[in-house]
Structure formats: structure tokens, C-alpha cells
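Source file my_file_1.cif; content: mmCIF, C-alpha atoms, pLDDT in the B column; chains and numbers go by the auth columns.
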```cif
data_structure
#
loop_
_atom_site.group_PDB
_atom_site.id
_atom_site.type_symbol
_atom_site.label_atom_id
_atom_site.label_comp_id
_atom_site.label_asym_id
_atom_site.label_seq_id
_atom_site.Cartn_x
_atom_site.Cartn_y
_atom_site.Cartn_z
_atom_site.B_iso_or_equiv
_atom_site.auth_seq_id
_atom_site.auth_asym_id
ATOM 1 C CA MET A 1 129.327 114.180 71.021 84.00 1 T
ATOM 2 C CA ILE A 2 128.893 110.539 70.110 95.00 2 T
ATOM 3 C CA ARG A 3 125.887 109.850 67.855 98.00 3 T
ATOM 4 C CA ALA A 4 125.291 106.118 67.680 98.00 4 T
ATOM 5 C CA ALA A 5 122.985 103.472 66.311 98.00 5 T
ATOM 6 C CA ILE A 6 122.727 100.165 68.112 98.00 6 T
ATOM 7 C CA VAL A 7 122.027 96.941 66.239 98.00 7 T
ATOM 8 C CA THR A 8 121.266 93.880 68.324 98.00 8 T
ATOM 9 C CA VAL A 9 121.952 90.659 66.441 97.00 9 T
ATOM 10 C CA SER A 10 119.926 87.880 68.036 95.00 10 T
ATOM 11 C CA ASP A 11 117.495 85.318 66.654 92.00 11 T
ATOM 12 C CA ARG A 12 115.570 85.170 69.930 92.00 12 T
ATOM 13 C CA SER A 13 115.338 88.928 70.481 94.00 13 T
ATOM 14 C CA ALA A 14 114.416 89.601 66.849 91.00 14 T
ATOM 15 C CA SER A 15 111.584 87.052 67.070 91.00 15 T
ATOM 16 C CA GLY A 16 110.280 88.530 70.338 90.00 16 T
ATOM 17 C CA GLU A 17 111.166 85.412 72.294 93.00 17 T
ATOM 18 C CA ARG A 18 113.632 87.288 74.536 92.00 18 T
ATOM 19 C CA GLU A 19 113.968 90.895 75.677 92.00 19 T
ATOM 20 C CA ASP A 20 116.870 92.850 74.183 94.00 20 T
ATOM 21 C CA VAL A 21 118.810 93.547 77.382 96.00 21 T
ATOM 22 C CA SER A 22 122.170 93.989 75.634 97.00 22 T
ATOM 23 C CA GLY A 23 120.912 96.724 73.327 97.00 23 T
ATOM 24 C CA SER A 24 119.219 98.539 76.225 97.00 24 T
ATOM 25 C CA ARG A 25 122.289 98.405 78.451 98.00 25 T
ATOM 26 C CA LEU A 26 124.521 99.502 75.589 98.00 26 T
ATOM 27 C CA ALA A 27 122.222 102.486 74.941 98.00 27 T
ATOM 28 C CA GLU A 28 122.487 103.418 78.621 98.00 28 T
ATOM 29 C CA ALA A 29 126.299 103.247 78.400 98.00 29 T
ATOM 30 C CA VAL A 30 126.328 105.540 75.350 98.00 30 T
ATOM 31 C CA ARG A 31 124.100 108.055 77.126 98.00 31 T
ATOM 32 C CA ALA A 32 126.223 107.814 80.287 98.00 32 T
ATOM 33 C CA VAL A 33 129.177 109.324 78.389 97.00 33 T
ATOM 34 C CA GLY A 34 127.015 112.121 76.963 97.00 34 T
ATOM 35 C CA GLY A 35 126.245 110.351 73.694 98.00 35 T
ATOM 36 C CA GLU A 36 123.022 110.200 71.756 98.00 36 T
ATOM 37 C CA VAL A 37 121.401 106.988 70.532 98.00 37 T
ATOM 38 C CA VAL A 38 119.724 107.885 67.252 98.00 38 T
ATOM 39 C CA SER A 39 118.519 104.410 66.330 97.00 39 T
ATOM 40 C CA THR A 40 118.081 100.930 67.772 97.00 40 T
ATOM 41 C CA SER A 41 117.230 97.832 65.787 97.00 41 T
ATOM 42 C CA LEU A 42 116.974 94.071 66.142 97.00 42 T
ATOM 43 C CA VAL A 43 118.007 91.655 63.432 97.00 43 T
ATOM 44 C CA PRO A 44 118.298 87.871 63.430 97.00 44 T
ATOM 45 C CA ASP A 45 121.618 86.084 62.982 97.00 45 T
ATOM 46 C CA GLU A 46 121.296 86.187 59.200 97.00 46 T
ATOM 47 C CA ARG A 47 124.097 87.646 57.095 98.00 47 T
ATOM 48 C CA ALA A 48 121.857 89.321 54.524 98.00 48 T
ATOM 49 C CA GLU A 49 119.786 91.066 57.187 98.00 49 T
ATOM 50 C CA ILE A 50 122.803 92.190 59.201 98.00 50 T
ATOM 51 C CA GLU A 51 124.527 93.501 56.075 98.00 51 T
ATOM 52 C CA ARG A 52 121.372 95.306 54.923 98.00 52 T
ATOM 53 C CA GLU A 53 120.955 97.029 58.288 98.00 53 T
ATOM 54 C CA LEU A 54 124.609 98.093 58.507 98.00 54 T
ATOM 55 C CA CYS A 55 124.467 99.504 54.962 98.00 55 T
ATOM 56 C CA ARG A 56 121.197 101.331 55.660 98.00 56 T
ATOM 57 C CA LEU A 57 122.612 102.980 58.765 98.00 57 T
ATOM 58 C CA ALA A 58 125.908 103.929 57.097 98.00 58 T
ATOM 59 C CA ASP A 59 124.697 104.838 53.611 98.00 59 T
ATOM 60 C CA SER A 60 121.190 106.238 54.058 97.00 60 T
ATOM 61 C CA GLU A 61 121.115 107.378 57.670 97.00 61 T
ATOM 62 C CA ARG A 62 124.812 108.378 57.784 97.00 62 T
ATOM 63 C CA VAL A 63 125.123 107.442 61.449 98.00 63 T
ATOM 64 C CA PRO A 64 128.704 108.165 62.604 98.00 64 T
ATOM 65 C CA LEU A 65 128.943 105.196 65.006 98.00 65 T
ATOM 66 C CA ILE A 66 127.211 101.862 64.548 99.00 66 T
ATOM 67 C CA LEU A 67 127.516 99.508 67.512 98.00 67 T
ATOM 68 C CA THR A 68 126.480 95.900 67.076 98.00 68 T
ATOM 69 C CA THR A 69 125.895 93.570 69.987 98.00 69 T
ATOM 70 C CA GLY A 70 125.710 89.833 69.476 97.00 70 T
ATOM 71 C CA GLY A 71 126.780 87.243 66.982 97.00 71 T
ATOM 72 C CA THR A 72 130.524 87.494 67.619 97.00 72 T
ATOM 73 C CA GLY A 73 131.131 84.125 69.258 96.00 73 T
ATOM 74 C CA LEU A 74 132.141 80.713 67.992 96.00 74 T
ATOM 75 C CA ALA A 75 128.695 79.251 67.287 95.00 75 T
ATOM 76 C CA SER A 76 127.780 78.535 63.676 96.00 76 T
ATOM 77 C CA ARG A 77 124.978 81.166 63.812 96.00 77 T
ATOM 78 C CA ASP A 78 127.435 83.872 64.976 97.00 78 T
ATOM 79 C CA VAL A 79 127.978 85.704 61.685 98.00 79 T
ATOM 80 C CA THR A 80 128.220 89.354 62.695 98.00 80 T
ATOM 81 C CA PRO A 81 131.978 89.603 61.970 98.00 81 T
ATOM 82 C CA GLU A 82 131.558 88.087 58.507 98.00 82 T
ATOM 83 C CA SER A 83 128.637 90.427 57.793 98.00 83 T
ATOM 84 C CA THR A 84 130.643 93.431 58.934 98.00 84 T
ATOM 85 C CA LEU A 85 133.689 92.448 56.892 98.00 85 T
ATOM 86 C CA ALA A 86 131.439 92.135 53.825 98.00 86 T
ATOM 87 C CA VAL A 87 130.258 95.766 54.076 98.00 87 T
ATOM 88 C CA ILE A 88 133.201 97.753 55.435 98.00 88 T
ATOM 89 C CA GLN A 89 135.724 99.432 53.168 97.00 89 T
ATOM 90 C CA ARG A 90 138.579 99.468 55.682 97.00 90 T
ATOM 91 C CA GLU A 91 139.244 97.623 58.921 98.00 91 T
ATOM 92 C CA ALA A 92 140.174 99.277 62.211 98.00 92 T
ATOM 93 C CA PRO A 93 141.731 96.242 63.916 98.00 93 T
ATOM 94 C CA GLY A 94 143.272 98.150 66.820 98.00 94 T
ATOM 95 C CA LEU A 95 139.808 98.899 68.203 98.00 95 T
ATOM 96 C CA ALA A 96 138.729 95.242 68.234 98.00 96 T
ATOM 97 C CA GLU A 97 142.086 94.210 69.691 97.00 97 T
ATOM 98 C CA HIS A 98 141.745 96.819 72.437 97.00 98 T
ATOM 99 C CA VAL A 99 138.252 95.624 73.355 97.00 99 T
ATOM 100 C CA ARG A 100 139.486 92.048 73.750 97.00 100 T
ATOM 101 C CA ARG A 101 142.670 93.055 75.592 96.00 101 T
ATOM 102 C CA THR A 102 140.769 95.273 78.028 96.00 102 T
ATOM 103 C CA THR A 103 137.765 93.052 78.703 95.00 103 T
ATOM 104 C CA VAL A 104 139.762 89.866 79.233 95.00 104 T
ATOM 105 C CA ALA A 105 140.593 91.310 82.668 93.00 105 T
ATOM 106 C CA GLN A 106 136.892 90.887 83.573 92.00 106 T
ATOM 107 C CA THR A 107 136.360 87.507 81.917 92.00 107 T
ATOM 108 C CA GLU A 108 138.736 85.149 80.178 94.00 108 T
ATOM 109 C CA PHE A 109 135.969 84.338 77.695 93.00 109 T
ATOM 110 C CA ALA A 110 136.545 87.740 76.056 94.00 110 T
ATOM 111 C CA ILE A 111 139.278 86.134 73.988 94.00 111 T
ATOM 112 C CA LEU A 112 136.607 84.029 72.265 95.00 112 T
ATOM 113 C CA SER A 113 135.006 87.114 70.715 96.00 113 T
ATOM 114 C CA ARG A 114 135.575 87.417 66.978 98.00 114 T
ATOM 115 C CA GLY A 115 134.279 90.987 66.789 98.00 115 T
ATOM 116 C CA VAL A 116 135.746 93.293 64.164 98.00 116 T
ATOM 117 C CA CYS A 117 135.686 97.040 63.622 98.00 117 T
ATOM 118 C CA GLY A 118 135.816 99.000 60.420 98.00 118 T
ATOM 119 C CA ILE A 119 134.737 101.936 58.328 98.00 119 T
ATOM 120 C CA ARG A 120 131.990 102.208 55.745 98.00 120 T
ATOM 121 C CA ARG A 121 131.863 105.648 54.199 93.00 121 T
ATOM 122 C CA GLY A 122 131.895 107.997 57.202 94.00 122 T
ATOM 123 C CA SER A 123 130.586 105.428 59.687 98.00 123 T
ATOM 124 C CA LEU A 124 132.605 103.464 62.199 98.00 124 T
ATOM 125 C CA ILE A 125 131.139 99.999 62.795 98.00 125 T
ATOM 126 C CA VAL A 126 132.097 98.266 66.047 98.00 126 T
ATOM 127 C CA ASN A 127 131.130 94.664 66.870 98.00 127 T
ATOM 128 C CA LEU A 128 130.593 94.026 70.575 98.00 128 T
ATOM 129 C CA PRO A 129 129.716 90.813 72.426 97.00 129 T
ATOM 130 C CA GLY A 130 126.108 89.776 72.903 96.00 130 T
ATOM 131 C CA SER A 131 126.108 89.584 76.688 95.00 131 T
ATOM 132 C CA PRO A 132 124.913 92.807 78.348 97.00 132 T
ATOM 133 C CA LYS A 133 128.041 92.931 80.518 96.00 133 T
ATOM 134 C CA GLY A 134 130.367 92.253 77.578 96.00 134 T
ATOM 135 C CA ALA A 135 128.697 94.828 75.337 97.00 135 T
ATOM 136 C CA VAL A 136 128.942 97.570 77.955 98.00 136 T
ATOM 137 C CA GLU A 137 132.513 96.711 78.955 97.00 137 T
ATOM 138 C CA GLY A 138 133.552 96.659 75.299 98.00 138 T
ATOM 139 C CA PHE A 139 131.994 100.056 74.662 98.00 139 T
ATOM 140 C CA GLU A 140 133.549 101.499 77.820 98.00 140 T
ATOM 141 C CA ALA A 141 136.964 100.251 76.675 97.00 141 T
ATOM 142 C CA LEU A 142 136.643 102.430 73.561 98.00 142 T
ATOM 143 C CA ALA A 143 134.643 105.376 74.901 98.00 143 T
ATOM 144 C CA SER A 144 137.635 107.649 75.483 97.00 144 T
ATOM 145 C CA VAL A 145 138.973 107.321 71.904 97.00 145 T
ATOM 146 C CA LEU A 146 135.665 107.340 70.036 98.00 146 T
ATOM 147 C CA PRO A 147 135.170 111.134 69.930 97.00 147 T
ATOM 148 C CA HIS A 148 138.561 111.572 68.274 96.00 148 T
ATOM 149 C CA ALA A 149 137.995 108.677 65.858 97.00 149 T
ATOM 150 C CA LEU A 150 134.584 110.031 64.855 97.00 150 T
ATOM 151 C CA SER A 151 135.988 113.538 64.431 95.00 151 T
ATOM 152 C CA VAL A 152 138.691 112.249 62.101 95.00 152 T
ATOM 153 C CA LEU A 153 136.107 110.304 60.085 94.00 153 T
ATOM 154 C CA ALA A 154 133.835 113.349 59.851 92.00 154 T
ATOM 155 C CA ASN A 155 136.697 115.488 58.520 86.00 155 T
ATOM 156 C CA VAL A 156 137.642 112.849 55.952 65.00 156 T
ATOM 157 C CA ALA A 157 134.011 112.594 54.819 52.00 157 T
ATOM 158 C CA GLU A 158 133.871 116.384 54.311 50.00 158 T
ATOM 159 C CA VAL A 159 137.041 116.398 52.215 45.00 159 T
ATOM 160 C CA HIS A 160 136.219 113.224 50.256 48.00 160 T
ATOM 161 C CA PRO A 161 132.415 112.850 50.104 52.00 161 T
ATOM 162 C CA ALA A 162 131.165 109.414 49.091 55.00 162 T
#
```

Would you mind writing the file out in C-alpha cells?
Amino acid sequence: MIRAAIVTVSDRSASGEREDVSGSRLAEAVRAVGGEVVSTSLVPDERAEIERELCRLADSERVPLILTTGGTGLASRDVTPESTLAVIQREAPGLAEHVRRTTVAQTEFAILSRGVCGIRRGSLIVNLPGSPKGAVEGFEALASVLPHALSVLANVAEVHPA
């Protein structure tokens, strides 16, 4: 089973100015494949806050899968990839490449996503686009391989605890 935390990175949603549709739709997509959403959070497009939340979920909460939505584009405030790279110990570039390769069939703008994926301790962190459609399509692109990836990470964590 997939146990996931969802972190929405959005200035407007974090301030209450806009509803978090992306996070809600992403949670529905996780549940649709039999997964469990153990945590949802909203953070502004601020590196320190994104990094703090990712570390909390990986280090303290030990959530196996952390999905971010938002902050992966080309705008100057889009800093989710940089925040993720700052906290992960190893990259998993094939996952991010697969998301872009798969979702470009739905929209050519998928190639503008700078999302990254990587591992911190026993947690897999996956950056997804901020649009509800893009977040769900990105998750669906990975859904079939995530149980295996999380199983491998869980076994590694048991053998080599942090």
C-alpha cells in the first residue's frame, strides 16, 4: 500500500487566498489506487519552509512517499526543485523524466516542469506540477512503479537504519 504525504507549495493557497485544489485532487488520485494519505500541508513558495516541511515528513514522521505539488515551473518564485535538491541524499532522475515524458502527451507545457525526485532517508520525494490536472497525471504516470520503489526503500531502511 502507498502511504503518502502531500505538500502543496503555493503562496496563494498557503495564505488562504485560494483553495488548494491540486492537493485535494492529488489526494483523491492516491486513494483511487488504494493508497492512504497520512498528511496534507500547505507551504508558501519559500525555500526554508519547503525544506523544513520535507525534512519533518521524512525525518520525524518517516512518511514513505512525499508528493509535492506546485513550484516546479520557470517563474522566479518556483523553488520546489531547489528545495528538494537541498534536502535529498540521492536523486531518482528516472521518475522525474518519466513524468515529463508521459504527461507531455496531454500538454506540451509538461516539458517546462523542473520537478525532481529523490530519496531522503527512507522517504521518496516526488515533485509534481501545481496544476490539478498536471499533479494527477504526474502521479498516475508513476503509480504502477511506486509500490515496488517504496518496498525497496523500506527494505534498505531496515538493513541500514538512519

request  = Would you kindly return, as number ranges by chain, each protein, DNA or RNA residue with an atom no farther than 7 Å from any atom of Ser123 (chain T), considering all atoms listed in the file and excluding same-chain residues fewer than 3 positions away?
outcome  = T: 58, 62-66, 119-120

message = Report, in Å to a single decimal, how far apart CA of Ile50 (chain T) and CA of Ser10 (chain T) are.
response =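 One can read the CA of Ser10 (chain T) to CA of Ile50 (chain T) distance as 10.2 Å.
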
| message | One number please: CA of Glu51 (chain T) to CA of Val87 (chain T), in Å, one decimal. | response |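 Going from CA of Glu51 (chain T) over to CA of Val87 (chain T) covers 6.5 Å.
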
Original post:
Which of these, T:Gly16, T:Gly138, T:Gly130, T:Gly23, has the shortest distance to Ser39 (chain T) once you count only C-alpha atoms?
Top reply: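 Selected residue with least distance to Ser39 (chain T): T:Gly23.
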
Students should find that CA of Arg52 (chain T) and CA of Gly115 (chain T) are spaced 18.1 Å

*Can you list, as a PyMOL selection string, the residues that the PyMOL selection byres ((chain T and resi 146) around 12) selects here?*
chain T and resi 1-4+30+33+35+64-67+95+123-126+139-145+147-154
